[in-house]
>>> print(open('final.cif').read())   # mmCIF, C-alpha atoms and all ligand atoms
data_work
loop_
_atom_site.label_atom_id
_atom_site.label_comp_id
_atom_site.auth_asym_id
_atom_site.auth_seq_id
_atom_site.Cartn_x
_atom_site.Cartn_y
_atom_site.Cartn_z
CA ARG F 82 -37.15 -12.24 -52.94
CA HIS F 83 -38.15 -13.84 -49.67
CA LEU F 84 -34.93 -15.86 -49.67
CA GLU F 85 -32.86 -12.73 -50.36
CA GLN F 86 -34.61 -10.97 -47.49
CA MET F 87 -33.80 -13.89 -45.15
CA VAL F 88 -30.14 -13.92 -46.19
CA ARG F 89 -29.92 -10.16 -45.63
CA GLU F 90 -31.43 -10.49 -42.16
CA ARG F 91 -29.18 -13.40 -41.21
CA THR F 92 -26.10 -11.53 -42.48
CA GLN F 93 -27.09 -8.54 -40.39
CA ASP F 94 -27.59 -10.77 -37.32
CA VAL F 95 -24.20 -12.35 -37.81
CA GLN F 96 -22.60 -8.92 -38.26
CA GLU F 97 -24.26 -7.62 -35.10
CA GLU F 98 -23.04 -10.67 -33.17
CA ALA F 99 -19.49 -10.12 -34.47
CA GLU F 100 -19.65 -6.44 -33.49
CA LYS F 101 -20.85 -7.40 -30.02
CA VAL F 102 -17.92 -9.78 -29.59
CA GLN F 103 -15.54 -7.03 -30.80
CA ALA F 104 -17.08 -4.56 -28.33
CA ILE F 105 -16.69 -7.03 -25.46
CA LEU F 106 -13.07 -7.74 -26.42
CA SER F 107 -12.14 -4.09 -26.73
CA SER F 108 -13.64 -3.20 -23.35
CA MET F 109 -11.69 -5.97 -21.57
CA ALA F 110 -8.89 -4.86 -19.27
CA ASP F 111 -6.89 -7.99 -20.13
CA GLY F 112 -5.14 -8.29 -23.47
CA VAL F 113 -6.52 -10.96 -25.80
CA LEU F 114 -4.76 -12.50 -28.81
CA VAL F 115 -6.38 -15.15 -30.99
CA THR F 116 -4.62 -17.18 -33.67
CA ASP F 117 -5.92 -19.68 -36.18
CA ALA F 118 -4.64 -23.25 -36.53
CA GLU F 119 -1.78 -22.05 -38.74
CA GLY F 120 -0.56 -19.60 -36.07
CA ARG F 121 -1.79 -16.46 -37.82
CA LEU F 122 -3.12 -13.66 -35.64
CA VAL F 123 -6.84 -13.31 -36.25
CA THR F 124 -7.82 -11.04 -33.34
CA ALA F 125 -6.07 -8.70 -30.92
CA ASN F 126 -7.85 -6.29 -28.63
CA ALA F 127 -6.84 -2.76 -27.61
CA ALA F 128 -5.43 -3.90 -24.25
CA ALA F 129 -3.11 -6.38 -26.02
CA GLU F 130 -1.94 -3.63 -28.41
CA GLU F 131 -1.12 -1.38 -25.47
CA LEU F 132 0.57 -4.07 -23.35
CA LEU F 133 2.85 -5.30 -26.12
CA GLY F 134 3.22 -1.98 -27.97
CA PHE F 135 2.02 -2.95 -31.48
CA ARG F 136 -0.75 -1.98 -33.91
CA TRP F 137 -3.28 -4.59 -34.96
CA THR F 138 -3.36 -3.25 -38.51
CA ASP F 139 0.41 -3.96 -38.85
CA VAL F 140 0.12 -7.63 -37.88
CA ALA F 141 -3.43 -8.67 -38.86
CA TYR F 142 -3.62 -12.20 -40.30
CA GLN F 143 0.15 -12.67 -40.27
CA PRO F 144 1.98 -15.55 -38.57
CA VAL F 145 3.33 -14.37 -35.21
CA SER F 146 6.83 -15.64 -36.08
CA ARG F 147 7.03 -13.57 -39.29
CA SER F 148 5.29 -10.38 -38.29
CA GLY F 149 8.44 -8.43 -37.30
CA LEU F 150 7.16 -7.99 -33.74
CA THR F 151 9.91 -6.99 -31.36
CA HIS F 152 8.39 -7.26 -27.89
CA PRO F 153 10.10 -10.08 -25.91
CA MET F 154 6.68 -11.54 -25.06
CA TRP F 155 6.13 -12.56 -28.71
CA GLU F 156 8.78 -15.24 -28.41
CA HIS F 157 6.73 -16.85 -25.63
CA VAL F 158 3.50 -16.35 -27.57
CA ALA F 159 5.04 -18.07 -30.61
CA GLN F 160 6.14 -20.94 -28.39
CA MET F 161 2.61 -21.30 -26.99
CA ILE F 162 1.12 -21.32 -30.48
CA ARG F 163 3.55 -24.03 -31.60
CA HIS F 164 2.24 -26.32 -28.86
CA PRO F 165 -1.46 -25.50 -28.66
CA ASP F 166 -2.36 -28.73 -26.87
CA GLN F 167 -0.14 -27.90 -23.89
CA PRO F 168 -1.61 -25.40 -21.45
CA GLY F 169 0.74 -22.41 -21.51
CA ASN F 170 1.32 -20.06 -18.58
CA VAL F 171 4.31 -17.73 -18.44
CA VAL F 172 5.26 -14.70 -16.37
CA VAL F 173 7.71 -12.34 -18.03
CA GLU F 174 9.35 -9.17 -16.74
CA PHE F 175 10.71 -6.48 -19.09
CA PRO F 176 10.74 -2.69 -19.55
CA SER F 177 7.33 -1.25 -20.45
CA PRO F 178 7.02 -0.12 -24.12
CA VAL F 179 5.39 3.09 -22.83
CA ASP F 180 7.86 4.45 -20.26
CA ASP F 181 10.57 1.80 -19.78
CA SER F 182 9.46 1.13 -16.18
CA PRO F 183 9.67 -2.56 -15.17
CA GLN F 184 6.51 -4.38 -16.16
CA ILE F 185 5.42 -7.94 -15.38
CA ILE F 186 2.98 -9.68 -17.71
CA ASN F 187 1.32 -13.03 -17.26
CA ALA F 188 0.29 -14.82 -20.48
CA ARG F 189 -2.04 -17.81 -20.42
CA ALA F 190 -2.82 -19.82 -23.52
CA ALA F 191 -5.65 -22.23 -24.19
CA PRO F 192 -6.46 -24.17 -27.37
CA ILE F 193 -9.74 -23.39 -29.15
CA ARG F 194 -11.43 -26.70 -29.91
CA LEU F 195 -14.18 -27.37 -32.40
CA ASN F 196 -15.46 -30.93 -32.82
CA HIS F 197 -12.23 -32.38 -31.35
CA ASP F 198 -10.03 -30.31 -33.70
CA ILE F 199 -7.84 -27.48 -32.50
CA ILE F 200 -8.74 -24.51 -34.67
CA GLY F 201 -6.57 -21.92 -32.95
CA VAL F 202 -5.21 -20.59 -29.69
CA VAL F 203 -6.50 -17.85 -27.40
CA ILE F 204 -3.93 -16.05 -25.28
CA VAL F 205 -4.90 -13.80 -22.38
CA LEU F 206 -2.33 -11.22 -21.25
CA ARG F 207 -2.57 -9.66 -17.81
CA ASP F 208 -0.44 -6.88 -16.36
CA ILE F 209 0.46 -8.18 -12.89
CA THR F 210 3.08 -5.53 -12.08
CA ALA F 211 1.06 -4.00 -9.21
CA LEU F 212 0.14 -7.43 -7.84
CA LYS F 213 3.78 -8.54 -7.84
CA GLU F 214 4.83 -5.27 -6.21
CA VAL F 215 2.32 -5.87 -3.38
CA GLU F 216 3.64 -9.44 -3.01
CA ARG F 217 7.21 -8.13 -2.84
CA MET F 218 6.25 -5.45 -0.31
CA LYS F 219 4.54 -8.07 1.86
CA ALA F 220 7.58 -10.35 1.67
CA ARG F 221 9.86 -7.42 2.59
CA PHE F 222 7.55 -6.50 5.47
CA ILE F 223 7.50 -10.07 6.81
CA ALA F 224 11.29 -10.24 6.55
CA GLY F 225 11.41 -6.90 8.45
CA VAL F 226 9.04 -8.13 11.17
CA THR F 227 11.02 -11.33 11.63
CA HIS F 228 14.27 -9.41 11.88
CA GLU F 229 12.83 -6.88 14.35
CA LEU F 230 11.32 -9.66 16.52
CA LYS F 231 14.57 -11.60 16.58
CA THR F 232 16.72 -8.81 18.02
CA PRO F 233 14.84 -8.32 21.34
CA LEU F 234 14.21 -12.03 21.58
CA SER F 235 17.90 -12.90 21.33
CA ILE F 236 18.74 -10.25 23.96
CA ILE F 237 16.10 -11.70 26.30
CA LYS F 238 17.39 -15.23 25.66
CA LEU F 239 21.00 -14.26 26.38
CA HIS F 240 20.19 -12.39 29.60
CA VAL F 241 17.90 -15.11 30.92
CA GLU F 242 20.56 -17.72 30.19
CA ASN F 243 23.16 -15.63 32.04
CA LEU F 244 20.82 -15.12 34.98
CA LEU F 245 20.08 -18.85 35.18
CA ALA F 246 23.73 -19.87 34.93
CA TYR F 247 25.35 -17.24 37.17
CA TYR F 248 22.55 -15.90 39.36
CA ASP F 249 24.34 -16.55 42.68
CA ARG F 250 27.63 -15.19 41.47
CA LEU F 251 26.25 -11.92 40.06
CA PRO F 252 26.14 -8.80 42.24
CA ALA F 253 22.56 -7.65 43.01
CA GLU F 254 23.08 -4.57 40.84
CA LYS F 255 23.98 -6.64 37.81
CA GLN F 256 21.01 -8.94 38.42
CA MET F 257 18.69 -5.91 38.40
CA GLU F 258 20.33 -4.49 35.28
CA LEU F 259 19.82 -7.73 33.37
CA LEU F 260 16.22 -8.02 34.57
CA HIS F 261 15.48 -4.43 33.52
CA THR F 262 16.87 -5.08 30.08
CA VAL F 263 14.67 -8.17 29.83
CA GLN F 264 11.69 -6.06 30.91
CA ASN F 265 12.44 -3.34 28.32
CA GLN F 266 12.92 -5.83 25.53
CA THR F 267 9.65 -7.60 26.46
CA GLY F 268 7.90 -4.23 26.29
CA LEU F 269 9.43 -3.65 22.86
CA LEU F 270 8.22 -7.06 21.65
CA ASP F 271 4.76 -6.24 22.94
CA ARG F 272 4.68 -2.91 21.07
CA LEU F 273 6.04 -4.51 17.92
CA ILE F 274 3.32 -7.15 17.88
CA ASP F 275 0.70 -4.50 18.62
CA ASP F 276 1.95 -2.28 15.74
CA VAL F 277 2.11 -5.19 13.29
CA LEU F 278 -1.45 -6.19 14.23
CA THR F 279 -2.62 -2.59 13.79
CA LEU F 280 -1.02 -2.44 10.33
CA SER F 281 -2.62 -5.72 9.26
CA ARG F 282 -6.02 -4.65 10.57
CA LEU F 283 -5.90 -1.40 8.58
CA ASP F 284 -6.55 -3.48 5.45
CA THR F 285 -9.89 -4.77 6.67
CA VAL F 286 -12.01 -1.74 7.46
CA HIS F 287 -15.78 -2.05 7.29
CA GLU F 288 -18.01 0.75 6.09
CA ALA F 289 -19.81 0.72 9.44
CA GLU F 290 -16.68 1.92 11.21
CA TRP F 291 -16.92 5.38 9.63
CA GLN F 292 -18.55 7.98 11.86
CA THR F 293 -18.94 11.71 11.69
CA VAL F 294 -17.14 13.15 14.71
CA ASN F 295 -16.23 16.61 15.90
CA LEU F 296 -12.52 16.43 14.99
CA PRO F 297 -11.17 18.99 17.53
CA GLU F 298 -12.88 16.98 20.27
CA LEU F 299 -11.25 13.74 19.07
CA VAL F 300 -7.81 15.39 18.88
CA GLY F 301 -8.33 17.10 22.26
CA GLY F 302 -9.21 13.74 23.82
CA VAL F 303 -5.93 12.22 22.62
CA VAL F 304 -3.95 15.24 23.89
CA GLU F 305 -5.55 14.94 27.34
CA GLU F 306 -4.76 11.22 27.43
CA LEU F 307 -1.07 11.99 26.92
CA ARG F 308 -0.87 15.03 29.19
CA ALA F 309 0.38 13.06 32.20
CA LEU F 310 3.17 11.53 30.11
CA ALA F 311 4.25 14.99 28.88
CA GLN F 312 4.20 16.37 32.44
CA ALA F 313 6.26 13.44 33.71
CA ARG F 314 8.90 14.44 31.16
CA ASN F 315 8.66 18.10 32.08
CA LEU F 316 7.22 19.15 28.72
CA THR F 317 4.58 21.81 28.09
CA LEU F 318 1.71 20.38 26.04
CA THR F 319 -0.84 22.84 24.66
CA TRP F 320 -3.54 22.51 22.06
CA GLN F 321 -5.86 24.82 20.24
CA ALA F 322 -8.89 24.32 18.06
CA SER F 323 -11.18 26.82 16.46
CA GLU F 324 -14.81 25.93 15.86
CA GLU F 325 -16.67 22.63 15.66
CA LEU F 326 -15.53 20.55 12.68
CA PRO F 327 -17.73 17.53 11.95
CA VAL F 328 -15.71 15.13 9.78
CA PRO F 329 -16.35 11.50 8.74
CA VAL F 330 -13.49 9.37 10.07
CA ILE F 331 -12.81 5.91 11.44
CA PRO F 332 -12.51 7.18 15.03
CA ASP F 333 -10.29 4.41 16.49
CA GLN F 334 -7.86 4.71 13.61
CA PHE F 335 -7.77 8.48 13.54
CA GLU F 336 -7.16 8.61 17.29
CA ARG F 337 -4.30 6.18 16.81
CA ALA F 338 -2.75 8.41 14.12
CA VAL F 339 -2.90 11.53 16.28
CA ARG F 340 -1.70 9.58 19.34
CA ASN F 341 1.36 8.30 17.44
CA LEU F 342 2.31 11.85 16.38
CA VAL F 343 1.89 13.37 19.86
CA ASP F 344 3.63 10.37 21.42
CA ASN F 345 6.62 10.87 19.08
CA ALA F 346 6.73 14.59 19.89
CA ILE F 347 6.93 13.65 23.59
CA LYS F 348 9.56 10.96 22.97
CA TYR F 349 11.84 13.09 20.81
CA THR F 350 11.70 16.36 22.79
CA PRO F 351 14.16 16.88 25.65
CA ALA F 352 12.85 18.02 29.06
CA GLY F 353 11.80 21.67 29.22
CA GLY F 354 10.54 21.61 25.62
CA GLU F 355 7.16 22.51 24.22
CA ILE F 356 4.58 20.64 22.16
CA GLN F 357 1.70 22.39 20.45
CA VAL F 358 -1.20 20.61 18.81
CA ALA F 359 -3.60 22.58 16.61
CA VAL F 360 -6.65 21.77 14.51
CA ARG F 361 -8.09 24.28 12.09
CA GLN F 362 -9.95 24.66 8.86
CA GLU F 363 -8.35 26.48 5.93
CA LEU F 364 -8.77 27.05 2.21
CA ALA F 365 -6.45 25.49 -0.37
CA ASP F 366 -7.26 26.45 -3.99
CA ASP F 367 -10.70 27.54 -2.78
CA GLN F 368 -11.33 24.08 -1.33
CA PRO F 369 -11.86 23.74 2.41
CA ARG F 370 -9.53 21.37 4.20
CA ILE F 371 -8.46 20.56 7.73
CA ARG F 372 -4.96 21.01 9.04
CA ILE F 373 -3.86 19.09 12.13
CA GLU F 374 -0.43 20.14 13.32
CA VAL F 375 1.80 18.57 15.96
CA ARG F 376 4.71 20.93 16.60
CA ASP F 377 7.61 20.23 18.95
CA THR F 378 10.86 21.87 20.01
CA GLY F 379 12.67 18.51 20.01
CA ILE F 380 15.77 16.99 18.48
CA GLY F 381 14.52 17.39 14.89
CA ILE F 382 15.20 15.16 11.91
CA PRO F 383 18.15 15.62 9.51
CA PRO F 384 16.91 16.38 5.96
CA GLU F 385 18.34 13.17 4.46
CA HIS F 386 16.12 11.11 6.80
CA GLN F 387 12.92 13.12 6.44
CA GLN F 388 11.27 11.12 3.66
CA ARG F 389 12.42 7.71 4.92
CA ILE F 390 10.96 8.02 8.44
CA PHE F 391 7.57 6.99 7.01
CA ASP F 392 8.96 3.61 5.87
CA HIS F 393 8.36 0.46 7.89
CA PHE F 394 10.92 0.01 10.71
CA TYR F 395 12.91 3.11 9.73
CA ARG F 396 14.48 4.92 12.69
CA VAL F 397 16.95 7.81 12.56
CA ASP F 398 18.77 6.66 15.68
CA THR F 399 19.24 2.92 15.44
CA SER F 400 21.04 2.61 18.78
CA HIS F 401 17.68 2.23 20.58
CA THR F 402 18.41 5.00 23.10
CA THR F 403 14.73 5.92 22.69
CA PRO F 404 12.48 2.87 22.62
CA GLY F 405 10.40 2.41 19.51
CA THR F 406 9.45 0.04 16.74
CA GLY F 407 9.92 2.26 13.68
CA LEU F 408 6.34 1.45 12.66
CA GLY F 409 4.54 4.41 14.28
CA LEU F 410 4.77 6.84 11.36
CA SER F 411 4.03 4.19 8.73
CA ILE F 412 0.81 3.46 10.65
CA VAL F 413 -0.02 7.20 10.68
CA ARG F 414 0.62 7.46 6.95
CA GLU F 415 -1.61 4.49 6.10
CA ILE F 416 -4.43 5.80 8.27
CA VAL F 417 -4.18 9.30 6.80
CA ASN F 418 -4.13 7.91 3.24
CA ALA F 419 -7.18 5.76 3.98
CA HIS F 420 -8.94 8.99 5.00
CA GLY F 421 -8.03 10.64 1.70
CA GLY F 422 -5.53 12.95 3.38
CA SER F 423 -1.77 13.47 3.31
CA LEU F 424 1.00 13.52 5.91
CA HIS F 425 3.91 15.98 5.88
CA VAL F 426 6.98 16.78 7.92
CA GLU F 427 9.06 19.91 8.32
CA SER F 428 12.00 19.73 10.65
CA THR F 429 15.21 21.45 11.65
CA PRO F 430 17.77 19.34 13.53
CA GLY F 431 18.21 20.69 17.03
CA ALA F 432 15.22 23.06 16.75
CA GLY F 433 12.16 20.83 16.35
CA SER F 434 9.65 19.24 13.99
CA VAL F 435 6.15 19.87 12.70
CA PHE F 436 4.06 16.92 11.54
CA THR F 437 0.99 17.94 9.56
CA ILE F 438 -2.07 15.96 8.52
CA LEU F 439 -4.05 17.61 5.71
CA LEU F 440 -7.55 16.28 5.28
CA PRO F 441 -9.93 17.34 2.50
CA LEU F 442 -13.12 18.60 4.11
CA HIS F 443 -16.09 16.80 2.70
CA THR F 444 -19.24 18.62 1.72
CA PRO F 445 -22.41 17.86 3.73
CA ALA F 446 -23.54 15.59 0.86
CA ASP F 447 -20.35 13.49 1.12
CA THR F 448 -20.77 13.31 4.86
CA GLU F 449 -24.31 11.98 4.44
CA ARG F 450 -23.07 9.39 1.94
CA ALA F 451 -20.30 8.28 4.30
CA GLU F 452 -22.84 7.85 7.08
CA GLN F 453 -25.07 5.72 4.90
P1 LIG D 1 9.58 5.00 16.42
O1 LIG D 1 9.27 6.30 17.10
O2 LIG D 1 8.95 3.83 17.06
O3 LIG D 1 11.04 4.81 16.16
P2 LIG D 1 8.19 6.09 14.11
O4 LIG D 1 7.81 5.43 12.82
O5 LIG D 1 7.11 6.72 14.90
O6 LIG D 1 8.95 4.99 14.95
O7 LIG D 1 9.27 7.18 13.78
C1 LIG D 1 10.37 6.86 12.93
C2 LIG D 1 11.57 7.72 13.28
O8 LIG D 1 11.31 9.08 12.94
C3 LIG D 1 11.91 7.74 14.74
O9 LIG D 1 12.71 6.64 15.11
C4 LIG D 1 12.63 9.07 14.89
O10 LIG D 1 13.97 8.90 14.47
C5 LIG D 1 11.95 9.94 13.86
N1 LIG D 1 10.92 10.82 14.48
C6 LIG D 1 9.58 10.63 14.48
N2 LIG D 1 8.94 11.65 15.09
C7 LIG D 1 9.89 12.52 15.47
C8 LIG D 1 9.88 13.80 16.15
N3 LIG D 1 8.74 14.37 16.55
N4 LIG D 1 11.06 14.41 16.35
C9 LIG D 1 12.23 13.84 15.95
N5 LIG D 1 12.32 12.65 15.31
C10 LIG D 1 11.16 11.99 15.08
#
>>> encode(input="final.cif", output="structure tokens")
Amino acid sequence: RHLEQMVRERTQDVQEEAEKVQAILSSMADGVLVTDAEGRLVTANAAAEELLGFRWTDVAYQPVSRSGLTHPMWEHVAQMIRHPDQPGNVVVEFPSPVDDSPQIINARAAPIRLNHDIIGVVIVLRDITALKEVERMKARFIAGVTHELKTPLSIIKLHVENLLAYYDRLPAEKQMELLHTVQNQTGLLDRLIDDVLTLSRLDTVHEAEWQTVNLPELVGGVVEELRALAQARNLTLTWQASEELPVPVIPDQFERAVRNLVDNAIKYTPAGGEIQVAVRQELADDQPRIRIEVRDTGIGIPPEHQQRIFDHFYRVDTSHTTPGTGLGLSIVREIVNAHGGSLHVESTPGAGSVFTILLPLHTPADTERAEQ
């Protein structure tokens, strides 16, 4: 009886251990497939089922090659199982079994060894679609930066070469014209580098940089900073704010976002025009939020360009009649997103534009948490 009792207890222990392993496997975000030495599937977790679109009960204990599995990844899995002693690592792109969107999966295989024998293979599947997309976006961004840096640089190079070669023969007017172009292009390079640095710094924000500020005061400060510029261009710049609105923000960043919007309004509004900046609290679905509006009577943006102006380097007028880098609005959008808000545009060509930042207003408890 004692022996029976011991066997029962041991069996229960073993069962509990097995259940624990199952629980760990099923809570893993990565897909896991395990085969035995004969290439039969002995374990698959929920993530693997979802990634490759199959049901464990349909394939349990069957050889991968004969299980009627259709997903293109199985071919690679079968290959890995055939050569368990070679470390396998493949990246495969195909339409997702869920919604047909492009999906990229990385599969890594490792042999399971017991006393020098290979008793099976474990394959870990990871969805790296988002990671690859970030890599692609970074590569596109770097290609964009390089292209944008090259244009002013080649203009500067050409003009300096001309000045060096023909300085004495050029009329004074032409000399000045070339030098002014060099000056403008140098300014553009400077702004480009500054914008690229700003964008790269947005990724590395520390908690300590959040502060609760009175938002109308912050916005008002930026407006006052730019007042002289608006006056120099003969534009009326007004701003209104209602009450005090304490909001947790990263002040340097938020100022930058508002500055970019007001700066654009000044740049893209012909002399005699008007720019209005307003900050107010409102209710949306019973939830309080803050609306910051920058409204101008400028050249406006044709509808077909309105969504693309937030992309890196996108400019409606590519002839560079108005200086700019095409990065300003993408910086604003990233900053606003990092603050949990959203950025919108409404515009009528020839009549003007309204850029709006909507920011969810945090409850006092959230504010306290942000401060901590
Ligand atoms: P930049 O102003 O340096 O070109 P932005 O990213 O700030 O870059 O803006 C992208 C484009 O959106 C601008 O080139 C311009 O065509 C358009 N745009 C932005 N703000 C306004 C505005 N207030 N009125 C008209 N067009 C605008």
>>> closest_residue(input="final.cif", among="F:Asp271, F:Arg282, F:Ala253, F:Ala419", to="Ile331 (chain F)", atoms="all atoms listed in the file")
F:Ala419
>>> axis_aligned_box(input="final.cif", around="ligand LIG 1 (chain D)", padding_each_side="6 Å", output="JSON")
{"center_x": 10.5, "center_y": 9.1, "center_z": 15.0, "size_x": 18.9, "size_y": 22.6, "size_z": 16.3}
>>> closest_residue(input="final.cif", among="F:Glu131, F:Glu385, F:Asp111, F:Glu363", to="ligand LIG 1 (chain D)", atoms="only C-alpha atoms and all ligand atoms")
F:Glu385
>>> closest_atom_pairs(input="final.cif", of="chain F", to="ligand LIG 1 (chain D)", cutoff="9 Å", atoms="only C-alpha atoms and all ligand atoms", output="JSON lines")
{"residue": "F:Arg272", "atom": "CA", "partner": "D:LIG1", "partner_atom": "O2", "distance": 8.9}
{"residue": "F:Leu273", "atom": "CA", "partner": "D:LIG1", "partner_atom": "O2", "distance": 8.9}
{"residue": "F:Asn341", "atom": "CA", "partner": "D:LIG1", "partner_atom": "O5", "distance": 6.5}
{"residue": "F:Leu342", "atom": "CA", "partner": "D:LIG1", "partner_atom": "N2", "distance": 6.8}
{"residue": "F:Val343", "atom": "CA", "partner": "D:LIG1", "partner_atom": "N3", "distance": 7.7}
{"residue": "F:Asp344", "atom": "CA", "partner": "D:LIG1", "partner_atom": "N3", "distance": 8.1}
{"residue": "F:Asn345", "atom": "CA", "partner": "D:LIG1", "partner_atom": "N2", "distance": 4.7}
{"residue": "F:Ala346", "atom": "CA", "partner": "D:LIG1", "partner_atom": "N3", "distance": 3.9}
{"residue": "F:Ile347", "atom": "CA", "partner": "D:LIG1", "partner_atom": "N3", "distance": 7.3}
{"residue": "F:Lys348", "atom": "CA", "partner": "D:LIG1", "partner_atom": "N3", "distance": 7.3}
{"residue": "F:Tyr349", "atom": "CA", "partner": "D:LIG1", "partner_atom": "N4", "distance": 4.7}
{"residue": "F:Thr350", "atom": "CA", "partner": "D:LIG1", "partner_atom": "N4", "distance": 6.8}
{"residue": "F:Val375", "atom": "CA", "partner": "D:LIG1", "partner_atom": "N3", "distance": 8.1}
{"residue": "F:Arg376", "atom": "CA", "partner": "D:LIG1", "partner_atom": "N3", "distance": 7.7}
{"residue": "F:Asp377", "atom": "CA", "partner": "D:LIG1", "partner_atom": "N3", "distance": 6.4}
{"residue": "F:Thr378", "atom": "CA", "partner": "D:LIG1", "partner_atom": "N4", "distance": 8.3}
{"residue": "F:Gly379", "atom": "CA", "partner": "D:LIG1", "partner_atom": "N4", "distance": 5.7}
{"residue": "F:Ile380", "atom": "CA", "partner": "D:LIG1", "partner_atom": "C9", "distance": 5.4}
{"residue": "F:Gly381", "atom": "CA", "partner": "D:LIG1", "partner_atom": "C9", "distance": 4.4}
{"residue": "F:Ile382", "atom": "CA", "partner": "D:LIG1", "partner_atom": "N5", "distance": 5.1}
{"residue": "F:Pro383", "atom": "CA", "partner": "D:LIG1", "partner_atom": "N5", "distance": 8.7}
{"residue": "F:His386", "atom": "CA", "partner": "D:LIG1", "partner_atom": "O8", "distance": 8.1}
{"residue": "F:Gln387", "atom": "CA", "partner": "D:LIG1", "partner_atom": "O8", "distance": 7.8}
{"residue": "F:Arg389", "atom": "CA", "partner": "D:LIG1", "partner_atom": "O8", "distance": 8.2}
{"residue": "F:Ile390", "atom": "CA", "partner": "D:LIG1", "partner_atom": "O8", "distance": 4.6}
{"residue": "F:Phe391", "atom": "CA", "partner": "D:LIG1", "partner_atom": "O4", "distance": 6.0}
{"residue": "F:Asp392", "atom": "CA", "partner": "D:LIG1", "partner_atom": "O4", "distance": 7.3}
{"residue": "F:His393", "atom": "CA", "partner": "D:LIG1", "partner_atom": "O4", "distance": 7.0}
{"residue": "F:Phe394", "atom": "CA", "partner": "D:LIG1", "partner_atom": "O4", "distance": 6.6}
{"residue": "F:Tyr395", "atom": "CA", "partner": "D:LIG1", "partner_atom": "C1", "distance": 5.5}
{"residue": "F:Arg396", "atom": "CA", "partner": "D:LIG1", "partner_atom": "O9", "distance": 3.5}
{"residue": "F:Val397", "atom": "CA", "partner": "D:LIG1", "partner_atom": "O10", "distance": 3.7}
{"residue": "F:Asp398", "atom": "CA", "partner": "D:LIG1", "partner_atom": "O10", "distance": 5.4}
{"residue": "F:Thr399", "atom": "CA", "partner": "D:LIG1", "partner_atom": "O9", "distance": 7.5}
{"residue": "F:His401", "atom": "CA", "partner": "D:LIG1", "partner_atom": "O3", "distance": 8.4}
{"residue": "F:Thr403", "atom": "CA", "partner": "D:LIG1", "partner_atom": "O3", "distance": 7.6}
{"residue": "F:Pro404", "atom": "CA", "partner": "D:LIG1", "partner_atom": "O2", "distance": 6.7}
{"residue": "F:Gly405", "atom": "CA", "partner": "D:LIG1", "partner_atom": "O2", "distance": 3.2}
{"residue": "F:Thr406", "atom": "CA", "partner": "D:LIG1", "partner_atom": "O2", "distance": 3.8}
{"residue": "F:Gly407", "atom": "CA", "partner": "D:LIG1", "partner_atom": "O6", "distance": 3.2}
{"residue": "F:Leu408", "atom": "CA", "partner": "D:LIG1", "partner_atom": "O4", "distance": 4.2}
{"residue": "F:Gly409", "atom": "CA", "partner": "D:LIG1", "partner_atom": "O5", "distance": 3.5}
{"residue": "F:Leu410", "atom": "CA", "partner": "D:LIG1", "partner_atom": "O4", "distance": 3.7}
{"residue": "F:Ser411", "atom": "CA", "partner": "D:LIG1", "partner_atom": "O4", "distance": 5.7}
{"residue": "F:Ile412", "atom": "CA", "partner": "D:LIG1", "partner_atom": "O4", "distance": 7.6}
{"residue": "F:Val413", "atom": "CA", "partner": "D:LIG1", "partner_atom": "O5", "distance": 8.3}
{"residue": "F:Ser428", "atom": "CA", "partner": "D:LIG1", "partner_atom": "N4", "distance": 7.9}
{"residue": "F:Pro430", "atom": "CA", "partner": "D:LIG1", "partner_atom": "C9", "distance": 8.2}
{"residue": "F:Gly433", "atom": "CA", "partner": "D:LIG1", "partner_atom": "N4", "distance": 6.5}
{"residue": "F:Ser434", "atom": "CA", "partner": "D:LIG1", "partner_atom": "N4", "distance": 5.6}
{"residue": "F:Val435", "atom": "CA", "partner": "D:LIG1", "partner_atom": "N3", "distance": 7.2}
{"residue": "F:Phe436", "atom": "CA", "partner": "D:LIG1", "partner_atom": "N3", "distance": 7.3}
>>> atom_distance(input="final.cif", atom1="CA of Met257 (chain F)", atom2="CA of Asn243 (chain F)")
12.4 Å
>>> residues_around(input="final.cif", residues="region 151-162 of chain F", least_positions_apart="6", cutoff="9 Å", atoms="only C-alpha atoms", output="ChimeraX atom specification")
/F:116,118-120,133-135,144-145,168-171,173,175,178,186,188-192,201-204
>>> write_last_selection(input="final.cif", atoms="C-alpha atoms", output="compact mmCIF listing (two decimals), keeping the file's coordinate frame")
# COMPACT_ATOMS: atom_id res chain seq x y z
CA THR F 116 -4.62 -17.18 -33.67
CA ALA F 118 -4.64 -23.25 -36.53
CA GLU F 119 -1.78 -22.05 -38.74
CA GLY F 120 -0.56 -19.60 -36.07
CA LEU F 133 2.85 -5.30 -26.12
CA GLY F 134 3.22 -1.98 -27.97
CA PHE F 135 2.02 -2.95 -31.48
CA PRO F 144 1.98 -15.55 -38.57
CA VAL F 145 3.33 -14.37 -35.21
CA PRO F 168 -1.61 -25.40 -21.45
CA GLY F 169 0.74 -22.41 -21.51
CA ASN F 170 1.32 -20.06 -18.58
CA VAL F 171 4.31 -17.73 -18.44
CA VAL F 173 7.71 -12.34 -18.03
CA PHE F 175 10.71 -6.48 -19.09
CA PRO F 178 7.02 -0.12 -24.12
CA ILE F 186 2.98 -9.68 -17.71
CA ALA F 188 0.29 -14.82 -20.48
CA ARG F 189 -2.04 -17.81 -20.42
CA ALA F 190 -2.82 -19.82 -23.52
CA ALA F 191 -5.65 -22.23 -24.19
CA PRO F 192 -6.46 -24.17 -27.37
CA GLY F 201 -6.57 -21.92 -32.95
CA VAL F 202 -5.21 -20.59 -29.69
CA VAL F 203 -6.50 -17.85 -27.40
CA ILE F 204 -3.93 -16.05 -25.28
